[in-house]
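Okay, my_file.pdb is below, PDB, C-alpha atoms, pLDDT in the B column:
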```pdb
ATOM      1  CA  MET A  24     -72.364 145.566-101.316  1.00 80.00           C
ATOM      2  CA  ALA A  25     -74.592 146.952 -98.619  1.00 87.00           C
ATOM      3  CA  PHE A  26     -76.717 144.695 -96.434  1.00 94.00           C
ATOM      4  CA  THR A  27     -79.593 145.829 -94.244  1.00 92.00           C
ATOM      5  CA  SER A  28     -78.807 143.327 -91.482  1.00 94.00           C
ATOM      6  CA  ASN A  29     -76.175 140.876 -90.331  1.00 95.00           C
ATOM      7  CA  THR A  30     -78.608 138.085 -91.142  1.00 95.00           C
ATOM      8  CA  GLU A  31     -78.782 139.270 -94.759  1.00 95.00           C
ATOM      9  CA  LEU A  32     -74.962 139.431 -94.854  1.00 96.00           C
ATOM     10  CA  CYS A  33     -74.649 135.858 -93.545  1.00 96.00           C
ATOM     11  CA  ARG A  34     -77.314 134.578 -95.913  1.00 95.00           C
ATOM     12  CA  PHE A  35     -75.366 136.038 -98.861  1.00 96.00           C
ATOM     13  CA  PHE A  36     -72.157 134.493 -97.507  1.00 96.00           C
ATOM     14  CA  PHE A  37     -73.486 130.951 -97.211  1.00 94.00           C
ATOM     15  CA  GLU A  38     -75.694 131.011-100.326  1.00 92.00           C
ATOM     16  CA  ASN A  39     -72.803 132.135-102.556  1.00 93.00           C
ATOM     17  CA  LEU A  40     -69.773 130.501-100.969  1.00 91.00           C
ATOM     18  CA  TRP A  41     -69.566 127.710-103.557  1.00 84.00           C
ATOM     19  CA  THR A  42     -70.836 129.543-106.623  1.00 87.00           C
ATOM     20  CA  LYS A  43     -69.394 133.059-106.226  1.00 94.00           C
ATOM     21  CA  PRO A  44     -66.361 132.768-103.927  1.00 95.00           C
ATOM     22  CA  GLU A  45     -64.800 136.019-105.172  1.00 97.00           C
ATOM     23  CA  GLU A  46     -67.982 137.926-104.253  1.00 97.00           C
ATOM     24  CA  VAL A  47     -68.014 136.257-100.846  1.00 97.00           C
ATOM     25  CA  ARG A  48     -64.365 137.128-100.311  1.00 98.00           C
ATOM     26  CA  LYS A  49     -65.286 140.827-100.632  1.00 98.00           C
ATOM     27  CA  ILE A  50     -67.673 140.639 -97.669  1.00 98.00           C
ATOM     28  CA  CYS A  51     -65.116 139.088 -95.316  1.00 98.00           C
ATOM     29  CA  THR A  52     -62.667 140.905 -93.092  1.00 98.00           C
ATOM     30  CA  ASP A  53     -58.980 140.450 -93.924  1.00 98.00           C
ATOM     31  CA  ASP A  54     -58.621 138.357 -90.769  1.00 98.00           C
ATOM     32  CA  VAL A  55     -61.795 136.320 -91.273  1.00 98.00           C
ATOM     33  CA  THR A  56     -61.538 133.186 -89.139  1.00 98.00           C
ATOM     34  CA  TRP A  57     -63.253 129.793 -89.393  1.00 96.00           C
ATOM     35  CA  VAL A  58     -62.980 127.624 -86.282  1.00 96.00           C
ATOM     36  CA  THR A  59     -63.475 123.946 -87.133  1.00 93.00           C
ATOM     37  CA  THR A  60     -63.917 120.874 -84.953  1.00 88.00           C
ATOM     38  CA  ARG A  61     -61.008 119.044 -83.334  1.00 83.00           C
ATOM     39  CA  SER A  62     -62.309 115.623 -84.317  1.00 80.00           C
ATOM     40  CA  MET A  63     -61.988 116.152 -88.077  1.00 79.00           C
ATOM     41  CA  PRO A  64     -58.761 117.946 -89.021  1.00 79.00           C
ATOM     42  CA  ILE A  65     -58.622 119.917 -92.259  1.00 83.00           C
ATOM     43  CA  PRO A  66     -56.126 118.477 -94.781  1.00 79.00           C
ATOM     44  CA  GLY A  67     -53.130 120.755 -95.043  1.00 82.00           C
ATOM     45  CA  ALA A  68     -53.967 122.418 -91.724  1.00 86.00           C
ATOM     46  CA  GLU A  69     -54.090 119.473 -89.337  1.00 86.00           C
ATOM     47  CA  HIS A  70     -52.230 121.416 -86.626  1.00 90.00           C
ATOM     48  CA  THR A  71     -54.971 123.987 -86.003  1.00 93.00           C
ATOM     49  CA  ILE A  72     -58.708 124.476 -85.665  1.00 94.00           C
ATOM     50  CA  GLN A  73     -58.448 128.242 -86.328  1.00 96.00           C
ATOM     51  CA  HIS A  74     -58.201 129.043 -90.017  1.00 96.00           C
ATOM     52  CA  VAL A  75     -57.419 132.733 -90.527  1.00 97.00           C
ATOM     53  CA  GLY A  76     -57.634 134.697 -93.794  1.00 98.00           C
ATOM     54  CA  TRP A  77     -59.411 133.992 -97.066  1.00 97.00           C
ATOM     55  CA  GLU A  78     -56.948 131.366 -98.333  1.00 96.00           C
ATOM     56  CA  ALA A  79     -57.400 129.396 -95.111  1.00 95.00           C
ATOM     57  CA  ILE A  80     -61.190 129.759 -95.356  1.00 95.00           C
ATOM     58  CA  TRP A  81     -61.134 128.511 -98.947  1.00 94.00           C
ATOM     59  CA  ASN A  82     -58.970 125.553 -97.881  1.00 92.00           C
ATOM     60  CA  VAL A  83     -61.638 124.594 -95.325  1.00 91.00           C
ATOM     61  CA  CYS A  84     -64.378 124.974 -97.965  1.00 87.00           C
ATOM     62  CA  THR A  85     -62.622 122.725-100.446  1.00 86.00           C
ATOM     63  CA  SER A  86     -61.139 120.226 -97.979  1.00 83.00           C
ATOM     64  CA  GLY A  87     -63.912 117.703 -98.602  1.00 73.00           C
ATOM     65  CA  LEU A  88     -63.058 117.704-102.298  1.00 74.00           C
ATOM     66  CA  LYS A  89     -59.536 116.464-101.652  1.00 71.00           C
ATOM     67  CA  HIS A  90     -60.574 112.988-100.592  1.00 73.00           C
ATOM     68  CA  ASP A  91     -61.662 110.107-102.840  1.00 76.00           C
ATOM     69  CA  ALA A  92     -64.941 109.846-100.926  1.00 77.00           C
ATOM     70  CA  GLY A  93     -65.426 113.611-100.572  1.00 80.00           C
ATOM     71  CA  TYR A  94     -68.689 115.366-101.204  1.00 82.00           C
ATOM     72  CA  VAL A  95     -69.926 116.516-104.600  1.00 85.00           C
ATOM     73  CA  PRO A  96     -70.830 120.246-104.319  1.00 82.00           C
ATOM     74  CA  GLU A  97     -73.206 120.139-107.288  1.00 86.00           C
ATOM     75  CA  THR A  98     -75.434 117.706-105.360  1.00 91.00           C
ATOM     76  CA  MET A  99     -75.673 119.771-102.167  1.00 89.00           C
ATOM     77  CA  THR A 100     -79.144 120.676-100.963  1.00 91.00           C
ATOM     78  CA  TYR A 101     -80.290 122.290 -97.747  1.00 92.00           C
ATOM     79  CA  PRO A 102     -83.660 120.834 -96.723  1.00 93.00           C
ATOM     80  CA  HIS A 103     -83.650 122.871 -93.494  1.00 95.00           C
ATOM     81  CA  GLN A 104     -82.195 126.363 -92.996  1.00 93.00           C
ATOM     82  CA  ARG A 105     -82.721 128.946 -90.297  1.00 94.00           C
ATOM     83  CA  TYR A 106     -80.947 132.240 -89.622  1.00 93.00           C
ATOM     84  CA  LEU A 107     -81.299 133.821 -86.201  1.00 91.00           C
ATOM     85  CA  GLU A 108     -80.123 137.283 -85.156  1.00 85.00           C
ATOM     86  CA  ALA A 109     -78.317 136.999 -81.864  1.00 82.00           C
ATOM     87  CA  GLU A 110     -76.898 139.501 -79.422  1.00 85.00           C
ATOM     88  CA  ASP A 111     -74.362 142.071 -80.498  1.00 86.00           C
ATOM     89  CA  ASP A 112     -73.136 141.414 -84.058  1.00 95.00           C
ATOM     90  CA  HIS A 113     -73.778 137.660 -84.039  1.00 96.00           C
ATOM     91  CA  VAL A 114     -75.902 135.506 -86.315  1.00 97.00           C
ATOM     92  CA  ILE A 115     -76.710 131.843 -85.824  1.00 96.00           C
ATOM     93  CA  TYR A 116     -77.083 129.782 -88.996  1.00 96.00           C
ATOM     94  CA  GLN A 117     -78.590 126.334 -88.498  1.00 96.00           C
ATOM     95  CA  PHE A 118     -79.008 123.971 -91.425  1.00 95.00           C
ATOM     96  CA  THR A 119     -79.135 120.419 -92.692  1.00 95.00           C
ATOM     97  CA  MET A 120     -76.964 119.548 -95.669  1.00 92.00           C
ATOM     98  CA  SER A 121     -77.644 116.635 -97.973  1.00 94.00           C
ATOM     99  CA  CYS A 122     -75.434 115.562-100.872  1.00 91.00           C
ATOM    100  CA  LYS A 123     -73.752 112.660-102.613  1.00 91.00           C
ATOM    101  CA  THR A 124     -70.182 111.638-101.943  1.00 87.00           C
ATOM    102  CA  ARG A 125     -67.783 110.927-104.772  1.00 86.00           C
ATOM    103  CA  ASP A 126     -68.060 107.225-104.023  1.00 86.00           C
ATOM    104  CA  GLY A 127     -71.868 107.317-104.339  1.00 90.00           C
ATOM    105  CA  ARG A 128     -72.925 107.410-100.692  1.00 90.00           C
ATOM    106  CA  ASP A 129     -75.680 109.638 -99.354  1.00 92.00           C
ATOM    107  CA  TYR A 130     -74.477 112.302 -96.927  1.00 90.00           C
ATOM    108  CA  LEU A 131     -76.804 113.992 -94.455  1.00 92.00           C
ATOM    109  CA  ASN A 132     -75.687 116.082 -91.514  1.00 92.00           C
ATOM    110  CA  ASP A 133     -76.871 118.927 -89.284  1.00 94.00           C
ATOM    111  CA  TYR A 134     -74.777 122.052 -88.747  1.00 94.00           C
ATOM    112  CA  LEU A 135     -74.806 125.166 -86.642  1.00 96.00           C
ATOM    113  CA  PHE A 136     -72.566 128.178 -87.243  1.00 96.00           C
ATOM    114  CA  LEU A 137     -72.107 131.052 -84.830  1.00 97.00           C
ATOM    115  CA  VAL A 138     -71.048 133.989 -87.013  1.00 97.00           C
ATOM    116  CA  LYS A 139     -69.545 137.244 -85.733  1.00 98.00           C
ATOM    117  CA  CYS A 140     -69.874 140.256 -88.036  1.00 97.00           C
ATOM    118  CA  ARG A 141     -67.701 143.361 -87.855  1.00 97.00           C
ATOM    119  CA  ASP A 142     -68.104 146.596 -89.791  1.00 95.00           C
ATOM    120  CA  GLY A 143     -70.619 145.025 -92.193  1.00 95.00           C
ATOM    121  CA  LYS A 144     -68.446 141.998 -92.967  1.00 97.00           C
ATOM    122  CA  VAL A 145     -68.137 138.386 -91.841  1.00 98.00           C
ATOM    123  CA  ALA A 146     -65.280 138.238 -89.316  1.00 98.00           C
ATOM    124  CA  HIS A 147     -65.455 134.941 -87.424  1.00 98.00           C
ATOM    125  CA  MET A 148     -67.307 131.625 -87.697  1.00 97.00           C
ATOM    126  CA  GLN A 149     -67.426 128.738 -85.242  1.00 97.00           C
ATOM    127  CA  GLU A 150     -68.918 125.515 -86.597  1.00 95.00           C
ATOM    128  CA  TYR A 151     -70.748 122.821 -84.657  1.00 94.00           C
ATOM    129  CA  TRP A 152     -71.739 119.562 -86.343  1.00 91.00           C
ATOM    130  CA  ASP A 153     -71.572 115.797 -86.053  1.00 86.00           C
ATOM    131  CA  SER A 154     -68.001 115.435 -87.285  1.00 81.00           C
ATOM    132  CA  LYS A 155     -67.812 111.815 -86.111  1.00 80.00           C
ATOM    133  CA  GLN A 156     -70.698 110.865 -88.384  1.00 80.00           C
ATOM    134  CA  ALA A 157     -69.083 112.718 -91.295  1.00 81.00           C
ATOM    135  CA  PHE A 158     -65.672 111.179 -90.638  1.00 78.00           C
ATOM    136  CA  GLU A 159     -67.118 107.674 -90.548  1.00 79.00           C
ATOM    137  CA  LEU A 160     -69.017 108.248 -93.793  1.00 76.00           C
ATOM    138  CA  LEU A 161     -66.253 110.002 -95.708  1.00 74.00           C
ATOM    139  CA  PHE A 162     -63.216 108.088 -94.494  1.00 70.00           C
ATOM    140  CA  ALA A 163     -64.487 104.608 -93.675  1.00 67.00           C
ATOM    141  CA  SER A 164     -64.130 102.093 -96.466  1.00 57.00           C
ATOM    142  CA  LYS A 165     -67.212 100.745 -98.223  1.00 55.00           C
ATOM    143  CA  GLU A 166     -66.298  97.305 -96.871  1.00 53.00           C
ATOM    144  CA  ASP A 167     -67.050  98.663 -93.394  1.00 54.00           C
ATOM    145  CA  ASP A 168     -70.679  99.088 -94.494  1.00 54.00           C
ATOM    146  CA  SER A 169     -71.216  95.365 -94.917  1.00 50.00           C
TER
END
```
Rewrite the structure from the file as structure tokens, please.
Amino acid sequence: MAFTSNTELCRFFFENLWTKPEEVRKICTDDVTWVTTRSMPIPGAEHTIQHVGWEAIWNVCTSGLKHDAGYVPETMTYPHQRYLEAEDDHVIYQFTMSCKTRDGRDYLNDYLFLVKCRDGKVAHMQEYWDSKQAFELLFASKEDDS
């Protein structure tokens, strides 16, 4: 696949991550890295915030599915999205995600990814989001809502 810009590459990455993961895998470097937040460890990788290689990336992607209150991918919408070319080979992707959780709660959160591209592929992503809000929604019991 050839992309005319790093923004186009990143748009393809994020728009197809859930529906065409094998296509997305092809546009990632072998050492693609996803840096997550410290406040919400990824199940199975609690010891690190740097997830290197496709299998580690896919583990991050599917980590929310491994919990009883995890999100339901089929309900995900993105009411706000913005891609910004940045210096060098960087792209900033800012978005709001809305979805249902498996226990019926509404999830809404704002995200920002700083993406580094290398040789026409996605090489590195650093995420910024309100992980405390997500943790409280996904891992707090429904009794805590009362």
Which residue gives the smallest distance to Glu159 in chain A among A:Trp57, A:Trp41, A:Phe118, A:Tyr130, with only C-alpha atoms counted?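 Ranked by minimum distance to Glu159 in chain A, first place goes to A:Tyr130.
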Neighbours of Gln104 in chain A within 12 Å (only C-alpha atoms; same-chain residues fewer than 2 positions away dropped), as a PDB file with C-alpha atoms, in the coordinates of the input?
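File written: result37.pdb
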```pdb
ATOM      1  CA  ARG A  34     -77.314 134.578 -95.913  1.00 95.00           C
ATOM      2  CA  PHE A  37     -73.486 130.951 -97.211  1.00 94.00           C
ATOM      3  CA  GLU A  38     -75.694 131.011-100.326  1.00 92.00           C
ATOM      4  CA  THR A 100     -79.144 120.676-100.963  1.00 91.00           C
ATOM      5  CA  TYR A 101     -80.290 122.290 -97.747  1.00 92.00           C
ATOM      6  CA  PRO A 102     -83.660 120.834 -96.723  1.00 93.00           C
ATOM      7  CA  TYR A 106     -80.947 132.240 -89.622  1.00 93.00           C
ATOM      8  CA  LEU A 107     -81.299 133.821 -86.201  1.00 91.00           C
ATOM      9  CA  ILE A 115     -76.710 131.843 -85.824  1.00 96.00           C
ATOM     10  CA  TYR A 116     -77.083 129.782 -88.996  1.00 96.00           C
ATOM     11  CA  GLN A 117     -78.590 126.334 -88.498  1.00 96.00           C
ATOM     12  CA  PHE A 118     -79.008 123.971 -91.425  1.00 95.00           C
ATOM     13  CA  THR A 119     -79.135 120.419 -92.692  1.00 95.00           C
ATOM     14  CA  MET A 120     -76.964 119.548 -95.669  1.00 92.00           C
ATOM     15  CA  SER A 121     -77.644 116.635 -97.973  1.00 94.00           C
ATOM     16  CA  ASP A 133     -76.871 118.927 -89.284  1.00 94.00           C
ATOM     17  CA  TYR A 134     -74.777 122.052 -88.747  1.00 94.00           C
ATOM     18  CA  LEU A 135     -74.806 125.166 -86.642  1.00 96.00           C
ATOM     19  CA  PHE A 136     -72.566 128.178 -87.243  1.00 96.00           C
TER      20      PHE A 136
END
```
Rounded to one decimal place, report the CA of Asn39 in chain A-CA of Cys84 in chain A distance in Å. 12.0 Å
Padding 6 Å on every side, please: axis-aligned box over the listed atoms of range 117-124 of chain A, centre and edge lengths to one decimal in Å, as JSON.
```
{"center_x": -74.7, "center_y": 119.0, "center_z": -95.6, "size_x": 21.0, "size_y": 26.7, "size_z": 26.1}
```
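Rounded to one decimal, CA of Val83 in chain A and CA of His147 in chain A lie 13.6 Å from each other.
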Quick one: residues within 12 Å of Met148 in chain A, all atoms listed in the file counted, chain neighbours fewer than 3 positions away excluded, as a ChimeraX atom specification? /A:33,36-37,51-52,54-60,72-76,80,83,112-116,135-141,144-145,151
Could you dump the residues just selected with C-alpha atoms as an mmCIF file, in the coordinates of the input?
```cif
data_model
loop_
_atom_site.group_PDB
_atom_site.id
_atom_site.type_symbol
_atom_site.label_atom_id
_atom_site.label_comp_id
_atom_site.auth_asym_id
_atom_site.auth_seq_id
_atom_site.Cartn_x
_atom_site.Cartn_y
_atom_site.Cartn_z
ATOM 1 C CA CYS A 33 -74.649 135.858 -93.545
ATOM 2 C CA PHE A 36 -72.157 134.493 -97.507
ATOM 3 C CA PHE A 37 -73.486 130.951 -97.211
ATOM 4 C CA CYS A 51 -65.116 139.088 -95.316
ATOM 5 C CA THR A 52 -62.667 140.905 -93.092
ATOM 6 C CA ASP A 54 -58.621 138.357 -90.769
ATOM 7 C CA VAL A 55 -61.795 136.320 -91.273
ATOM 8 C CA THR A 56 -61.538 133.186 -89.139
ATOM 9 C CA TRP A 57 -63.253 129.793 -89.393
ATOM 10 C CA VAL A 58 -62.980 127.624 -86.282
ATOM 11 C CA THR A 59 -63.475 123.946 -87.133
ATOM 12 C CA THR A 60 -63.917 120.874 -84.953
ATOM 13 C CA ILE A 72 -58.708 124.476 -85.665
ATOM 14 C CA GLN A 73 -58.448 128.242 -86.328
ATOM 15 C CA HIS A 74 -58.201 129.043 -90.017
ATOM 16 C CA VAL A 75 -57.419 132.733 -90.527
ATOM 17 C CA GLY A 76 -57.634 134.697 -93.794
ATOM 18 C CA ILE A 80 -61.190 129.759 -95.356
ATOM 19 C CA VAL A 83 -61.638 124.594 -95.325
ATOM 20 C CA ASP A 112 -73.136 141.414 -84.058
ATOM 21 C CA HIS A 113 -73.778 137.660 -84.039
ATOM 22 C CA VAL A 114 -75.902 135.506 -86.315
ATOM 23 C CA ILE A 115 -76.710 131.843 -85.824
ATOM 24 C CA TYR A 116 -77.083 129.782 -88.996
ATOM 25 C CA LEU A 135 -74.806 125.166 -86.642
ATOM 26 C CA PHE A 136 -72.566 128.178 -87.243
ATOM 27 C CA LEU A 137 -72.107 131.052 -84.830
ATOM 28 C CA VAL A 138 -71.048 133.989 -87.013
ATOM 29 C CA LYS A 139 -69.545 137.244 -85.733
ATOM 30 C CA CYS A 140 -69.874 140.256 -88.036
ATOM 31 C CA ARG A 141 -67.701 143.361 -87.855
ATOM 32 C CA LYS A 144 -68.446 141.998 -92.967
ATOM 33 C CA VAL A 145 -68.137 138.386 -91.841
ATOM 34 C CA TYR A 151 -70.748 122.821 -84.657
#
```
Of the listed residues A:Leu131, A:His90, A:Glu31, A:Asn82, that which approaches His103 in chain A most closely, counting only C-alpha atoms: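 Among the listed residues, the smallest separation from His103 in chain A belongs to A:Leu131.
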Please evaluate the PyMOL selection byres ((chain A and resi 125) around 7) against the displayed coordinates and give the resulting residues as a PDB file with C-alpha atoms, in the frame of the given file.
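Resulting contents of selection25.pdb:
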```pdb
ATOM      1  CA  ASP A  91     -61.662 110.107-102.840  1.00 76.00           C
ATOM      2  CA  ALA A  92     -64.941 109.846-100.926  1.00 77.00           C
ATOM      3  CA  GLY A  93     -65.426 113.611-100.572  1.00 80.00           C
ATOM      4  CA  TYR A  94     -68.689 115.366-101.204  1.00 82.00           C
ATOM      5  CA  VAL A  95     -69.926 116.516-104.600  1.00 85.00           C
ATOM      6  CA  LYS A 123     -73.752 112.660-102.613  1.00 91.00           C
ATOM      7  CA  THR A 124     -70.182 111.638-101.943  1.00 87.00           C
ATOM      8  CA  ASP A 126     -68.060 107.225-104.023  1.00 86.00           C
ATOM      9  CA  GLY A 127     -71.868 107.317-104.339  1.00 90.00           C
TER      10      GLY A 127
END
```
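What separates CA of Gly87 in chain A from CA of Glu69 in chain A is a distance of 13.6 Å.
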Which residue out of A:Arg61, A:Ala68, A:Asp53, A:Val47 has the minimum interatomic distance to Gln149 in chain A when all atoms listed in the file are used?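 Of A:Arg61, A:Ala68, A:Asp53, A:Val47, the one nearest Gln149 in chain A is A:Arg61, counting all atoms listed in the file.
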Residue nearest Thr85 in chain A - candidates A:Leu40, A:Ala109, A:Ala25, A:Ala146, atoms counted: all atoms listed in the file: A:Leu40
Would you please work out which residue, of A:Pro66, A:Thr42, A:Asp142, A:Asp153, is nearest to Met99 in chain A when using all atoms listed in the file?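 Nearest candidate to Met99 in chain A out of A:Pro66, A:Thr42, A:Asp142, A:Asp153: A:Thr42.
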Rank nothing, just name the residue among A:Ile50, A:Ala79, A:Arg128, A:Gly143 nearest to Ser28 in chain A, using all atoms listed in the file. A:Gly143
